[in-house]
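Structure data follow from protein-v8.json (JSON, C-alpha atoms):
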[["chain", "number", "residue", "atom", "x", "y", "z"],
["A", 715, "MET", "CA", 59.67, 95.50, 83.80],
["A", 716, "THR", "CA", 61.84, 98.56, 83.72],
["A", 717, "MET", "CA", 64.69, 99.14, 86.07],
["A", 718, "ASN", "CA", 63.94, 102.02, 88.37],
["A", 719, "ARG", "CA", 66.01, 103.62, 91.08],
["A", 720, "ASN", "CA", 64.53, 101.43, 93.81],
["A", 721, "HIS", "CA", 65.78, 98.29, 92.11],
["A", 722, "LEU", "CA", 69.22, 99.82, 91.80],
["A", 723, "ALA", "CA", 69.15, 100.99, 95.41],
["A", 724, "ILE", "CA", 68.29, 97.45, 96.54],
["A", 725, "ALA", "CA", 71.09, 96.06, 94.35],
["A", 726, "PHE", "CA", 73.57, 98.52, 95.88],
["A", 727, "GLY", "CA", 72.36, 97.62, 99.37],
["A", 728, "VAL", "CA", 72.84, 93.92, 98.67],
["A", 729, "LEU", "CA", 76.30, 94.67, 97.25],
["A", 730, "LEU", "CA", 77.20, 96.61, 100.38],
["A", 731, "VAL", "CA", 76.03, 93.86, 102.72],
["A", 732, "LEU", "CA", 77.57, 90.98, 100.76],
["A", 733, "GLY", "CA", 80.80, 92.86, 100.12],
["A", 734, "GLY", "CA", 81.07, 93.83, 103.77],
["A", 735, "GLY", "CA", 80.38, 90.25, 104.80],
["A", 736, "TYR", "CA", 83.06, 88.95, 102.50],
["A", 737, "ILE", "CA", 85.62, 91.49, 103.71],
["A", 738, "ILE", "CA", 84.89, 90.57, 107.33],
["A", 739, "TYR", "CA", 85.04, 86.84, 106.57],
["A", 740, "ALA", "CA", 88.20, 86.99, 104.48],
["A", 741, "GLY", "CA", 89.95, 89.50, 106.73],
["A", 742, "ARG", "CA", 89.54, 87.63, 109.99],
["A", 743, "PRO", "CA", 92.86, 87.46, 111.83],
["A", 744, "VAL", "CA", 92.63, 83.68, 111.98],
["A", 745, "MET", "CA", 92.56, 83.52, 108.17],
["A", 746, "LYS", "CA", 95.69, 85.63, 108.01],
["A", 747, "MET", "CA", 97.42, 83.46, 110.56],
["A", 748, "GLN", "CA", 96.59, 80.35, 108.54],
["A", 749, "GLU", "CA", 98.08, 81.94, 105.43],
["A", 750, "GLN", "CA", 101.25, 82.96, 107.20],
["A", 751, "GLN", "CA", 101.61, 79.73, 109.12],
["A", 752, "THR", "CA", 105.25, 78.80, 109.19],
["A", 753, "PRO", "CA", 106.33, 75.18, 109.11],
["A", 754, "VAL", "CA", 106.43, 73.66, 112.56],
["A", 755, "VAL", "CA", 109.96, 73.60, 113.89],
["A", 756, "THR", "CA", 110.68, 70.38, 115.69],
["A", 757, "PRO", "CA", 112.30, 70.94, 119.04],
["A", 758, "PRO", "CA", 115.85, 69.65, 119.46],
["A", 759, "ALA", "CA", 116.20, 66.16, 120.84],
["A", 760, "VAL", "CA", 116.15, 66.12, 124.59],
["A", 761, "VAL", "CA", 119.38, 64.88, 126.10],
["A", 762, "THR", "CA", 118.79, 63.08, 129.32],
["A", 763, "PRO", "CA", 121.18, 64.41, 131.89],
["A", 764, "THR", "CA", 123.67, 61.92, 133.21],
["A", 765, "THR", "CA", 124.99, 62.03, 136.69],
["A", 766, "THR", "CA", 128.19, 60.17, 135.94],
["A", 767, "PRO", "CA", 130.79, 61.84, 133.76],
["A", 768, "SER", "CA", 131.32, 60.14, 130.44],
["A", 769, "ILE", "CA", 134.49, 58.15, 130.19],
["A", 770, "ALA", "CA", 137.14, 59.00, 127.64],
["A", 771, "VAL", "CA", 136.78, 56.75, 124.65],
["A", 772, "THR", "CA", 139.84, 55.44, 122.95],
["A", 773, "SER", "CA", 139.43, 54.13, 119.48],
["A", 774, "THR", "CA", 141.99, 52.51, 117.29],
["A", 775, "GLU", "CA", 141.43, 53.00, 113.60],
["A", 776, "PRO", "CA", 143.73, 52.00, 110.80],
["A", 777, "VAL", "CA", 144.82, 54.92, 108.67],
["A", 778, "ALA", "CA", 144.27, 54.43, 104.97],
["A", 779, "THR", "CA", 147.58, 54.58, 103.18],
["A", 780, "THR", "CA", 148.11, 55.65, 99.63],
["A", 781, "THR", "CA", 151.44, 53.95, 99.14],
["A", 782, "ALA", "CA", 151.46, 50.20, 99.00],
["A", 783, "ALA", "CA", 155.05, 50.08, 100.15],
["A", 784, "ALA", "CA", 154.27, 51.14, 103.62],
["A", 785, "PRO", "CA", 155.89, 48.62, 105.85],
["A", 786, "GLU", "CA", 153.63, 48.78, 108.76],
["A", 787, "GLU", "CA", 150.39, 50.45, 109.43],
["A", 788, "LYS", "CA", 150.53, 52.36, 112.62],
["A", 789, "PRO", "CA", 147.31, 52.58, 114.48],
["A", 790, "VAL", "CA", 146.25, 56.11, 115.20],
["A", 791, "THR", "CA", 144.87, 56.70, 118.59],
["A", 792, "THR", "CA", 142.22, 59.31, 118.94],
["A", 793, "THR", "CA", 140.89, 60.38, 122.23],
["A", 794, "THR", "CA", 137.49, 61.90, 122.61],
["A", 795, "ALA", "CA", 137.42, 64.35, 125.45],
["A", 796, "PRO", "CA", 134.61, 63.91, 127.89],
["A", 797, "THR", "CA", 131.89, 66.44, 127.22],
["A", 798, "PRO", "CA", 130.53, 68.08, 130.30],
["A", 799, "THR", "CA", 126.81, 67.53, 130.57],
["A", 800, "PRO", "CA", 124.69, 69.48, 132.98],
["A", 801, "ALA", "CA", 123.46, 67.46, 135.84],
["A", 802, "THR", "CA", 120.08, 69.14, 135.89],
["A", 803, "GLU", "CA", 118.24, 71.56, 133.55],
["A", 804, "PRO", "CA", 117.45, 74.93, 135.14],
["A", 805, "VAL", "CA", 113.77, 75.08, 135.97],
["A", 806, "LYS", "CA", 112.08, 77.85, 133.98],
["A", 807, "GLN", "CA", 109.83, 80.21, 135.81],
["A", 808, "LYS", "CA", 106.41, 80.63, 134.28],
["A", 809, "GLY", "CA", 106.09, 83.85, 132.30],
["A", 810, "VAL", "CA", 109.82, 84.38, 132.16],
["A", 811, "TYR", "CA", 111.30, 84.12, 128.71],
["A", 812, "SER", "CA", 114.79, 84.25, 127.32],
["A", 813, "MET", "CA", 115.80, 86.21, 124.25],
["A", 814, "ALA", "CA", 116.04, 82.87, 122.44],
["A", 815, "ASP", "CA", 112.35, 82.27, 123.20],
["A", 816, "VAL", "CA", 111.50, 85.65, 121.73],
["A", 817, "GLN", "CA", 113.62, 85.00, 118.66],
["A", 818, "ALA", "CA", 111.69, 81.79, 118.03],
["A", 819, "HIS", "CA", 108.57, 83.89, 117.40],
["A", 820, "ALA", "CA", 109.82, 86.07, 114.59],
["A", 821, "THR", "CA", 107.08, 85.77, 111.99],
["A", 822, "VAL", "CA", 104.07, 87.97, 111.31],
["A", 823, "GLY", "CA", 101.77, 85.08, 112.18],
["A", 824, "ASP", "CA", 103.63, 84.50, 115.45],
["A", 825, "CYS", "CA", 105.22, 87.71, 116.58],
["A", 826, "TRP", "CA", 106.84, 88.23, 119.99],
["A", 827, "SER", "CA", 108.99, 91.13, 120.99],
["A", 828, "ALA", "CA", 110.95, 92.13, 124.06],
["A", 829, "ILE", "CA", 110.40, 95.74, 125.02],
["A", 830, "ASN", "CA", 111.92, 97.35, 128.09],
["A", 831, "GLY", "CA", 112.39, 94.08, 129.94],
["A", 832, "SER", "CA", 108.97, 92.61, 129.19],
["A", 833, "VAL", "CA", 107.87, 90.17, 126.52],
["A", 834, "TYR", "CA", 104.86, 90.94, 124.35],
["A", 835, "ASP", "CA", 102.85, 88.87, 121.90],
["A", 836, "LEU", "CA", 102.24, 91.33, 119.09],
["A", 837, "THR", "CA", 100.64, 88.81, 116.69],
["A", 838, "THR", "CA", 97.16, 90.29, 116.87],
["A", 839, "TRP", "CA", 98.52, 93.82, 116.86],
["A", 840, "VAL", "CA", 100.41, 93.56, 113.56],
["A", 841, "SER", "CA", 97.39, 94.28, 111.38],
["A", 842, "ARG", "CA", 95.80, 96.69, 113.85],
["A", 843, "HIS", "CA", 98.73, 99.04, 114.39],
["A", 844, "PRO", "CA", 97.58, 102.54, 113.36],
["A", 845, "GLY", "CA", 100.98, 103.22, 111.86],
["A", 846, "GLY", "CA", 100.83, 100.23, 109.53],
["A", 847, "GLU", "CA", 102.17, 96.69, 109.70],
["A", 848, "ASN", "CA", 105.78, 97.36, 108.83],
["A", 849, "PRO", "CA", 106.91, 98.95, 112.11],
["A", 850, "ILE", "CA", 105.54, 95.96, 114.05],
["A", 851, "LYS", "CA", 106.94, 93.42, 111.59],
["A", 852, "GLY", "CA", 110.35, 94.88, 112.34],
["A", 853, "LEU", "CA", 109.92, 94.10, 116.03],
["A", 854, "CYS", "CA", 109.06, 90.42, 115.67],
["A", 855, "GLY", "CA", 111.63, 88.19, 117.35],
["A", 856, "THR", "CA", 113.81, 91.10, 118.44],
["A", 857, "ASP", "CA", 114.40, 93.45, 121.34],
["A", 858, "GLY", "CA", 112.26, 96.33, 120.18],
["A", 859, "SER", "CA", 112.96, 98.64, 123.11],
["A", 860, "ALA", "CA", 114.92, 101.21, 121.12],
["A", 861, "LYS", "CA", 112.41, 101.35, 118.28],
["A", 862, "PHE", "CA", 109.41, 101.55, 120.59],
["A", 863, "ASN", "CA", 110.94, 104.20, 122.84],
["A", 864, "ARG", "CA", 112.02, 106.31, 119.89],
["A", 865, "LYS", "CA", 108.46, 106.38, 118.54],
["A", 866, "HIS", "CA", 106.23, 106.15, 121.60],
["A", 867, "ALA", "CA", 108.28, 107.25, 124.60],
["A", 868, "SER", "CA", 105.92, 110.12, 125.40],
["A", 869, "GLY", "CA", 102.64, 108.49, 124.32],
["A", 870, "THR", "CA", 100.41, 107.10, 127.05],
["A", 871, "LYS", "CA", 98.03, 105.30, 124.69],
["A", 872, "PRO", "CA", 100.69, 103.15, 123.01],
["A", 873, "GLN", "CA", 102.05, 102.28, 126.48],
["A", 874, "SER", "CA", 98.63, 101.20, 127.73],
["A", 875, "MET", "CA", 97.94, 99.29, 124.50],
["A", 876, "LEU", "CA", 101.26, 97.51, 124.83],
["A", 877, "ALA", "CA", 100.47, 96.55, 128.41],
["A", 878, "LEU", "CA", 97.47, 94.57, 127.17],
["A", 879, "LEU", "CA", 99.74, 92.42, 125.03],
["A", 880, "LYS", "CA", 102.24, 91.51, 127.75],
["A", 881, "ILE", "CA", 102.82, 87.80, 128.23],
["A", 882, "GLY", "CA", 105.80, 87.80, 130.55],
["A", 883, "THR", "CA", 109.16, 89.23, 131.42],
["A", 884, "LEU", "CA", 112.57, 88.86, 129.90],
["A", 885, "GLU", "CA", 115.07, 86.90, 131.95],
["B", 666, "MET", "CA", 72.61, 120.36, 77.36],
["B", 667, "THR", "CA", 72.74, 123.68, 79.14],
["B", 668, "PHE", "CA", 75.75, 125.01, 81.05],
["B", 669, "SER", "CA", 73.71, 124.80, 84.22],
["B", 670, "LEU", "CA", 73.06, 121.10, 83.74],
["B", 671, "ALA", "CA", 76.65, 120.47, 82.63],
["B", 672, "SER", "CA", 78.04, 122.13, 85.75],
["B", 673, "ARG", "CA", 75.95, 119.93, 88.03],
["B", 674, "VAL", "CA", 76.78, 116.75, 86.13],
["B", 675, "VAL", "CA", 80.49, 117.59, 86.10],
["B", 676, "LEU", "CA", 80.39, 118.36, 89.82],
["B", 677, "ARG", "CA", 78.61, 115.10, 90.61],
["B", 678, "TRP", "CA", 80.81, 112.91, 88.42],
["B", 679, "SER", "CA", 83.99, 114.56, 89.68],
["B", 680, "TRP", "CA", 82.95, 113.71, 93.16],
["B", 681, "VAL", "CA", 82.15, 110.16, 92.06],
["B", 682, "ALA", "CA", 85.63, 109.86, 90.53],
["B", 683, "LEU", "CA", 87.19, 111.05, 93.79],
["B", 684, "PHE", "CA", 85.46, 108.40, 95.89],
["B", 685, "PHE", "CA", 85.80, 105.72, 93.25],
["B", 686, "TRP", "CA", 89.57, 106.16, 93.08],
["B", 687, "PHE", "CA", 90.13, 106.30, 96.84],
["B", 688, "GLY", "CA", 87.64, 103.50, 97.49],
["B", 689, "SER", "CA", 89.19, 101.15, 94.95],
["B", 690, "GLN", "CA", 92.69, 101.86, 96.23],
["B", 691, "GLN", "CA", 91.58, 101.07, 99.78],
["B", 692, "LEU", "CA", 89.98, 97.82, 98.64],
["B", 693, "MET", "CA", 92.98, 96.68, 96.63],
["B", 694, "ASN", "CA", 95.87, 97.87, 98.83],
["B", 695, "PRO", "CA", 94.47, 98.21, 102.35],
["B", 696, "SER", "CA", 97.89, 98.01, 104.02],
["B", 697, "ASP", "CA", 98.93, 101.26, 102.31],
["B", 698, "TRP", "CA", 96.08, 103.07, 104.03],
["B", 699, "VAL", "CA", 96.24, 101.66, 107.55],
["B", 700, "GLY", "CA", 98.61, 104.42, 108.57],
["B", 701, "PHE", "CA", 95.90, 107.00, 107.91],
["B", 702, "LEU", "CA", 93.48, 105.44, 110.38],
["B", 703, "PRO", "CA", 92.89, 107.51, 113.50],
["B", 704, "GLU", "CA", 94.54, 106.28, 116.67],
["B", 705, "PHE", "CA", 91.30, 105.19, 118.34],
["B", 706, "THR", "CA", 90.75, 102.52, 115.70],
["B", 707, "GLY", "CA", 93.69, 100.70, 117.20],
["B", 708, "TYR", "CA", 91.55, 99.96, 120.24],
["B", 709, "LEU", "CA", 88.73, 98.45, 118.19],
["B", 710, "PRO", "CA", 88.60, 94.66, 117.93],
["B", 711, "ILE", "CA", 88.77, 94.95, 114.13],
["B", 712, "PRO", "CA", 91.99, 94.67, 112.13],
["B", 713, "GLY", "CA", 93.06, 97.94, 110.54],
["B", 714, "GLU", "CA", 93.14, 96.49, 107.04],
["B", 715, "MET", "CA", 89.57, 95.27, 107.40],
["B", 716, "LEU", "CA", 88.44, 98.72, 108.50],
["B", 717, "VAL", "CA", 90.13, 100.26, 105.46],
["B", 718, "GLN", "CA", 88.47, 97.76, 103.12],
["B", 719, "LEU", "CA", 85.03, 98.32, 104.65],
["B", 720, "ASN", "CA", 85.56, 102.05, 104.29],
["B", 721, "GLY", "CA", 86.57, 101.54, 100.65],
["B", 722, "LEU", "CA", 83.50, 99.42, 99.96],
["B", 723, "PHE", "CA", 81.23, 102.05, 101.51],
["B", 724, "GLU", "CA", 82.79, 104.76, 99.37],
["B", 725, "ILE", "CA", 82.56, 102.73, 96.15],
["B", 726, "VAL", "CA", 78.94, 101.65, 96.64],
["B", 727, "PHE", "CA", 77.74, 105.15, 97.37],
["B", 728, "ALA", "CA", 79.91, 106.60, 94.61],
["B", 729, "VAL", "CA", 78.25, 104.22, 92.13],
["B", 730, "ALA", "CA", 74.84, 105.21, 93.51],
["B", 731, "LEU", "CA", 75.78, 108.83, 92.96],
["B", 732, "LEU", "CA", 77.08, 108.05, 89.47],
["B", 733, "PHE", "CA", 73.70, 106.71, 88.40],
["B", 734, "GLY", "CA", 71.83, 109.28, 90.46],
["B", 735, "VAL", "CA", 70.13, 106.74, 92.69],
["B", 736, "TYR", "CA", 68.92, 108.60, 95.77],
["B", 737, "THR", "CA", 71.36, 111.32, 94.77],
["B", 738, "ARG", "CA", 70.74, 113.60, 97.71],
["B", 739, "VAL", "CA", 70.96, 110.82, 100.30],
["B", 740, "SER", "CA", 74.11, 109.35, 98.72],
["B", 741, "ALA", "CA", 75.79, 112.74, 98.44],
["B", 742, "ALA", "CA", 74.85, 113.63, 102.01],
["B", 743, "LEU", "CA", 76.19, 110.34, 103.39],
["B", 744, "LEU", "CA", 79.48, 110.71, 101.51],
["B", 745, "ALA", "CA", 79.76, 114.35, 102.57],
["B", 746, "ILE", "CA", 79.21, 113.49, 106.25],
["B", 747, "HIS", "CA", 81.71, 110.66, 105.89],
["B", 748, "LEU", "CA", 84.30, 113.00, 104.36],
["B", 749, "MET", "CA", 83.63, 115.67, 106.95],
["B", 750, "GLY", "CA", 84.31, 113.08, 109.65],
["B", 751, "ILE", "CA", 87.62, 112.22, 107.99],
["B", 752, "ALA", "CA", 88.45, 115.93, 107.79],
["B", 753, "ILE", "CA", 87.77, 116.45, 111.50],
["B", 754, "VAL", "CA", 89.85, 113.43, 112.51],
["B", 755, "ALA", "CA", 92.71, 114.25, 110.13],
["B", 756, "GLY", "CA", 92.90, 117.93, 110.99],
["B", 757, "GLY", "CA", 95.61, 120.24, 109.69],
["B", 758, "ALA", "CA", 96.03, 120.97, 105.99],
["B", 759, "ILE", "CA", 94.52, 117.62, 104.99],
["B", 760, "GLY", "CA", 91.52, 118.38, 107.18],
["B", 761, "VAL", "CA", 90.95, 121.77, 105.54],
["B", 762, "ARG", "CA", 91.13, 120.23, 102.06],
["B", 763, "ASP", "CA", 88.77, 117.39, 102.95],
["B", 764, "ALA", "CA", 86.34, 119.76, 104.65],
["B", 765, "ALA", "CA", 86.21, 121.89, 101.50],
["B", 766, "LEU", "CA", 85.62, 118.76, 99.42],
["B", 767, "ALA", "CA", 82.90, 117.68, 101.84],
["B", 768, "MET", "CA", 81.14, 121.00, 101.26],
["B", 769, "VAL", "CA", 80.96, 120.10, 97.55],
["B", 770, "GLY", "CA", 79.04, 117.01, 98.59],
["B", 771, "PHE", "CA", 76.69, 119.02, 100.75],
["B", 772, "SER", "CA", 76.00, 121.34, 97.82],
["B", 773, "ILE", "CA", 75.10, 118.30, 95.66],
["B", 774, "ALA", "CA", 72.86, 117.04, 98.45],
["B", 775, "LEU", "CA", 71.11, 120.37, 98.84],
["B", 776, "ALA", "CA", 70.42, 120.89, 95.12],
["B", 777, "GLU", "CA", 67.68, 119.18, 93.14],
["B", 778, "PRO", "CA", 69.04, 116.11, 91.32],
["B", 779, "ASP", "CA", 70.09, 117.01, 87.77],
["B", 780, "GLU", "CA", 68.33, 115.62, 84.69],
["B", 781, "TRP", "CA", 70.93, 112.90, 84.16],
["B", 782, "THR", "CA", 70.05, 111.13, 87.37],
["B", 783, "MET", "CA", 67.65, 108.25, 87.83],
["B", 784, "ASP", "CA", 65.93, 110.32, 90.50],
["B", 785, "ALA", "CA", 65.02, 112.97, 87.92],
["B", 786, "LYS", "CA", 63.86, 110.33, 85.43],
["B", 787, "GLN", "CA", 61.68, 108.69, 88.07],
["B", 788, "SER", "CA", 60.11, 111.98, 89.13],
["B", 789, "LYS", "CA", 59.46, 112.84, 85.44],
["B", 790, "LYS", "CA", 57.66, 109.52, 85.00],
["B", 791, "LYS", "CA", 55.55, 110.20, 88.06],
["B", 792, "ALA", "CA", 54.67, 113.65, 86.72],
["B", 793, "VAL", "CA", 53.57, 112.13, 83.38],
["B", 794, "VAL", "CA", 51.44, 109.51, 85.11]]

Written as structure tokens, how would this file's structure read?
Amino acid sequence: MTMNRNHLAIAFGVLLVLGGGYIIYAGRPVMKMQEQQTPVVTPPAVVTPTTTPSIAVTSTEPVATTTAAAPEEKPVTTTTAPTPTPATEPVKQKGVYSMADVQAHATVGDCWSAINGSVYDLTTWVSRHPGGENPIKGLCGTDGSAKFNRKHASGTKPQSMLALLKIGTLE
Amino acid sequence: MTFSLASRVVLRWSWVALFFWFGSQQLMNPSDWVGFLPEFTGYLPIPGEMLVQLNGLFEIVFAVALLFGVYTRVSAALLAIHLMGIAIVAGGAIGVRDAALAMVGFSIALAEPDEWTMDAKQSKKKAVV
């Protein structure tokens, strides 16, 4: 059996379909997010608010002496100042984020940015930005107002695209 | 090998080299090419890098088909239309250059496949039979 052009054409067709399938499978955003998954940051321990102010603690500790001839060891008194603890945590409004919240999402796989008083989740936009990934990477976890306005102040399309990614407002 | 045949083979293979180089670069380093995508692709539900890689695969497969002369006219026409589309979207100086290059493809598509193509070999076989 000799190879003719039809066999080659079929082989090229199969190559096109399989190659395209692989590119689509391997390039899915979810695959990228799995690769760039950052280690989970454990939230800080929650301090239960106390209503009564903590009382000053007085501790008496002997001071270690280097000279054996010291006649008497004087106890040193240290006083721990009472630390003010908030009586109640401020209740966060839904969809309102602080700059600290934005800064906690500073990776390519989890990218938030504050732009002109609103908060945007740019994670899915990183790889789709027509101008490349780098400009968006630079916005992750920051206030990107200046950068965005410098580049897209007059563009209506970038503004409307950005609106689709809004998740809340900056407090 | 006549000059006439040589000119057509050189033209075809040069065009193959063009698409092979750009296609392979797009497959290997898609992020370098995302910036060249037209703005409307940003509204598609497909990541830019994936679009670049699919474009690269398309260019490589049809460049290889053109290299061997498999459906030469169809392959050249598809690549020429593809390049003309890029030229229209790009516009400016790049658009003029790409449009001129696309015309090379149309000339390959319009001409009879040269003797070094599988198309020509197949049609010779048919003529003998």

Closest of A:Tyr834, A:Tyr811, A:Trp826, A:Trp839 to chain B - atom-to-atom distances counting only C-alpha atoms |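 Closest residue, counting only C-alpha atoms: A:Trp839.
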
Out of B:Arg673, B:Arg738, B:Arg762, B:Lys786, which residue has the shortest atom-to-atom distance to chain A when counting all atoms listed in the file?
-> B:Lys786

Nearest to Ile746 (chain B) by atom-to-atom distance, counting all atoms listed in the file, from B:Asp779, B:Glu714, B:Asp697, B:Glu724 = B:Glu724

Identify all chain B residues at most 12 Å from chain A by counting all atoms listed in the file; ligands do not count. Present them as a ChimeraX atom specification.
-> /B:691-693,695-737,739-740,782-788,790-791

Identify, on the basis of all atoms listed in the file, every residue whose closest approach to region 850-853 of chain A does not exceed 12 Å; exclude the query and any residue fewer than 6 positions from it along the same chain; express the result as a PyMOL selection string.
-> chain A and resi 816-817+819-829+833-844+859-862+865+876

In Å, how far is it from CA of Leu743 (chain B) to CA of Leu676 (chain B)?
->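 Distance between the two atoms: 16.3 Å.
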
Rounded to one decimal place, report the CA of Ala682 (chain B)-CA of Ala776 (chain B) distance in Å.
->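 A separation of 19.3 Å between them.
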
Quick one: pull the distance between CA of Arg677 (chain B) and CA of Ser689 (chain B), Å, one decimal.
->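 We find that CA of Arg677 (chain B) and CA of Ser689 (chain B) lie 18.0 Å from each other.
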